Amino acid sequence: MLYVVQNGLNRISVFGLDAKVGTATPRRTITDPRFDVLATAARVHRCRRVDLR
């Protein structure tokens, strides 16, 4: 799974990845008023870094 933090929208988009991590499919969007303004999301176990800059 790939989690994308959307700071200005206060939500997290969740994508499923194919086996080769070449294609992402939208799965769901997580929203909660307690998010306020998100800055960082991290997963400790089996984490891969994706940098799209």
# chains A, B, ... in the order shown; residues from 1 in each chain; ligands from 1

$ residues_around --residues "Met1 in chain A" --least-positions-apart "3" --cutoff "8 Å" --atoms "only C-alpha atoms" --output "mmCIF file with N, CA, C and O atoms, in the first residue's frame"
data_model
loop_
_atom_site.group_PDB
_atom_site.id
_atom_site.type_symbol
_atom_site.label_atom_id
_atom_site.label_comp_id
_atom_site.auth_asym_id
_atom_site.auth_seq_id
_atom_site.Cartn_x
_atom_site.Cartn_y
_atom_site.Cartn_z
ATOM 1 N N VAL A 14 -5.076 6.403 -0.083
ATOM 2 C CA VAL A 14 -4.477 5.073 0.011
ATOM 3 C C VAL A 14 -4.543 4.411 -1.363
ATOM 4 O O VAL A 14 -5.603 4.374 -1.988
ATOM 5 N N PHE A 15 -3.400 3.909 -1.840
ATOM 6 C CA PHE A 15 -3.308 3.264 -3.144
ATOM 7 C C PHE A 15 -2.759 1.856 -2.973
ATOM 8 O O PHE A 15 -1.854 1.628 -2.180
ATOM 9 N N GLY A 16 -3.285 0.922 -3.742
ATOM 10 C CA GLY A 16 -2.730 -0.422 -3.811
ATOM 11 C C GLY A 16 -1.685 -0.449 -4.914
ATOM 12 O O GLY A 16 -1.852 0.191 -5.949
ATOM 13 N N LEU A 17 -0.598 -1.163 -4.698
ATOM 14 C CA LEU A 17 0.486 -1.239 -5.681
ATOM 15 C C LEU A 17 0.547 -2.638 -6.285
ATOM 16 O O LEU A 17 0.310 -3.630 -5.593
#

$ residues_around --residues "Val4 in chain A" --least-positions-apart "2" --cutoff "7 Å" --atoms "only C-alpha atoms" --output "VMD selection string"
chain A and resid 2 6 12 to 14

$ atom_distance --atom1 "CA of Phe35 in chain A" --atom2 "CA of Gly22 in chain A"
29.6 Å

$ atom_distance --atom1 "CA of Pro26 in chain A" --atom2 "CA of Leu9 in chain A"
16.7 Å

$ residues_around --residues "Thr31 in chain A" --least-positions-apart "2" --cutoff "7 Å" --atoms "only C-alpha atoms" --output "ChimeraX atom specification"
/A:10-12,29,33

$ decode --residues "range 3-15 of chain A" --atoms "all heavy atoms" --output "mmCIF file, in the first residue's frame"
data_model
loop_
_atom_site.group_PDB
_atom_site.id
_atom_site.type_symbol
_atom_site.label_atom_id
_atom_site.label_comp_id
_atom_site.auth_asym_id
_atom_site.auth_seq_id
_atom_site.Cartn_x
_atom_site.Cartn_y
_atom_site.Cartn_z
ATOM 1 N N TYR A 3 0.596 5.313 0.922
ATOM 2 C CA TYR A 3 -0.204 6.319 1.607
ATOM 3 C C TYR A 3 0.329 7.691 1.203
ATOM 4 O O TYR A 3 1.520 7.965 1.348
ATOM 5 C CB TYR A 3 -0.102 6.145 3.121
ATOM 6 C CG TYR A 3 -0.671 4.832 3.591
ATOM 7 C CD1 TYR A 3 0.106 3.678 3.579
ATOM 8 C CD2 TYR A 3 -1.978 4.735 4.008
ATOM 9 C CE1 TYR A 3 -0.411 2.462 3.982
ATOM 10 C CE2 TYR A 3 -2.505 3.523 4.425
ATOM 11 C CZ TYR A 3 -1.717 2.394 4.410
ATOM 12 O OH TYR A 3 -2.236 1.190 4.809
ATOM 13 N N VAL A 4 -0.558 8.531 0.686
ATOM 14 C CA VAL A 4 -0.166 9.859 0.228
ATOM 15 C C VAL A 4 -0.842 10.899 1.112
ATOM 16 O O VAL A 4 -2.069 10.988 1.153
ATOM 17 C CB VAL A 4 -0.566 10.085 -1.247
ATOM 18 C CG1 VAL A 4 -0.191 11.487 -1.691
ATOM 19 C CG2 VAL A 4 0.075 9.029 -2.135
ATOM 20 N N VAL A 5 -0.033 11.684 1.825
ATOM 21 C CA VAL A 5 -0.549 12.733 2.700
ATOM 22 C C VAL A 5 -0.817 13.973 1.859
ATOM 23 O O VAL A 5 0.052 14.442 1.135
ATOM 24 C CB VAL A 5 0.463 13.060 3.823
ATOM 25 C CG1 VAL A 5 -0.022 14.225 4.664
ATOM 26 C CG2 VAL A 5 0.717 11.833 4.677
ATOM 27 N N GLN A 6 -2.041 14.476 1.947
ATOM 28 C CA GLN A 6 -2.425 15.693 1.230
ATOM 29 C C GLN A 6 -2.651 16.781 2.278
ATOM 30 O O GLN A 6 -3.744 16.927 2.826
ATOM 31 C CB GLN A 6 -3.667 15.427 0.385
ATOM 32 C CG GLN A 6 -3.385 14.391 -0.697
ATOM 33 C CD GLN A 6 -4.614 14.000 -1.456
ATOM 34 O OE1 GLN A 6 -5.541 13.457 -0.882
ATOM 35 N NE2 GLN A 6 -4.613 14.293 -2.748
ATOM 36 N N ASN A 7 -1.575 17.541 2.549
ATOM 37 C CA ASN A 7 -1.573 18.501 3.648
ATOM 38 C C ASN A 7 -2.716 19.502 3.587
ATOM 39 O O ASN A 7 -3.453 19.663 4.539
ATOM 40 C CB ASN A 7 -0.246 19.257 3.698
ATOM 41 C CG ASN A 7 0.904 18.369 4.074
ATOM 42 O OD1 ASN A 7 0.712 17.332 4.681
ATOM 43 N ND2 ASN A 7 2.105 18.754 3.704
ATOM 44 N N GLY A 8 -2.849 20.219 2.494
ATOM 45 C CA GLY A 8 -3.845 21.282 2.405
ATOM 46 C C GLY A 8 -5.272 20.785 2.485
ATOM 47 O O GLY A 8 -6.175 21.525 2.861
ATOM 48 N N LEU A 9 -5.489 19.519 2.157
ATOM 49 C CA LEU A 9 -6.837 18.949 2.153
ATOM 50 C C LEU A 9 -7.130 18.134 3.412
ATOM 51 O O LEU A 9 -8.233 17.628 3.584
ATOM 52 C CB LEU A 9 -7.021 18.074 0.904
ATOM 53 C CG LEU A 9 -6.842 18.807 -0.422
ATOM 54 C CD1 LEU A 9 -6.892 17.820 -1.584
ATOM 55 C CD2 LEU A 9 -7.892 19.885 -0.597
ATOM 56 N N ASN A 10 -6.121 17.989 4.275
ATOM 57 C CA ASN A 10 -6.262 17.245 5.532
ATOM 58 C C ASN A 10 -6.795 15.831 5.308
ATOM 59 O O ASN A 10 -7.739 15.384 5.951
ATOM 60 C CB ASN A 10 -7.157 17.997 6.519
ATOM 61 C CG ASN A 10 -6.590 19.339 6.869
ATOM 62 O OD1 ASN A 10 -5.389 19.535 6.846
ATOM 63 N ND2 ASN A 10 -7.449 20.277 7.193
ATOM 64 N N ARG A 11 -6.179 15.128 4.370
ATOM 65 C CA ARG A 11 -6.602 13.759 4.105
ATOM 66 C C ARG A 11 -5.419 12.903 3.678
ATOM 67 O O ARG A 11 -4.366 13.414 3.318
ATOM 68 C CB ARG A 11 -7.704 13.713 3.060
ATOM 69 C CG ARG A 11 -7.276 14.142 1.696
ATOM 70 C CD ARG A 11 -8.472 14.164 0.757
ATOM 71 N NE ARG A 11 -8.070 14.570 -0.577
ATOM 72 C CZ ARG A 11 -8.915 14.930 -1.505
ATOM 73 N NH1 ARG A 11 -10.206 14.929 -1.262
ATOM 74 N NH2 ARG A 11 -8.484 15.288 -2.688
ATOM 75 N N ILE A 12 -5.625 11.600 3.735
ATOM 76 C CA ILE A 12 -4.628 10.631 3.299
ATOM 77 C C ILE A 12 -5.277 9.760 2.233
ATOM 78 O O ILE A 12 -6.338 9.175 2.466
ATOM 79 C CB ILE A 12 -4.150 9.755 4.472
ATOM 80 C CG1 ILE A 12 -3.523 10.628 5.561
ATOM 81 C CG2 ILE A 12 -3.166 8.687 3.985
ATOM 82 C CD1 ILE A 12 -3.220 9.892 6.838
ATOM 83 N N SER A 13 -4.653 9.679 1.075
ATOM 84 C CA SER A 13 -5.138 8.816 0.004
ATOM 85 C C SER A 13 -4.360 7.502 0.058
ATOM 86 O O SER A 13 -3.144 7.505 0.222
ATOM 87 C CB SER A 13 -4.944 9.474 -1.359
ATOM 88 O OG SER A 13 -5.750 10.632 -1.443
ATOM 89 N N VAL A 14 -5.076 6.403 -0.083
ATOM 90 C CA VAL A 14 -4.477 5.073 0.011
ATOM 91 C C VAL A 14 -4.543 4.411 -1.363
ATOM 92 O O VAL A 14 -5.603 4.374 -1.988
ATOM 93 C CB VAL A 14 -5.212 4.203 1.050
ATOM 94 C CG1 VAL A 14 -4.538 2.843 1.182
ATOM 95 C CG2 VAL A 14 -5.272 4.917 2.394
ATOM 96 N N PHE A 15 -3.400 3.909 -1.840
ATOM 97 C CA PHE A 15 -3.308 3.264 -3.144
ATOM 98 C C PHE A 15 -2.759 1.856 -2.973
ATOM 99 O O PHE A 15 -1.854 1.628 -2.180
ATOM 100 C CB PHE A 15 -2.357 4.043 -4.068
ATOM 101 C CG PHE A 15 -2.837 5.421 -4.410
ATOM 102 C CD1 PHE A 15 -2.605 6.489 -3.569
ATOM 103 C CD2 PHE A 15 -3.533 5.642 -5.583
ATOM 104 C CE1 PHE A 15 -3.053 7.760 -3.886
ATOM 105 C CE2 PHE A 15 -3.979 6.908 -5.910
ATOM 106 C CZ PHE A 15 -3.743 7.969 -5.063
#
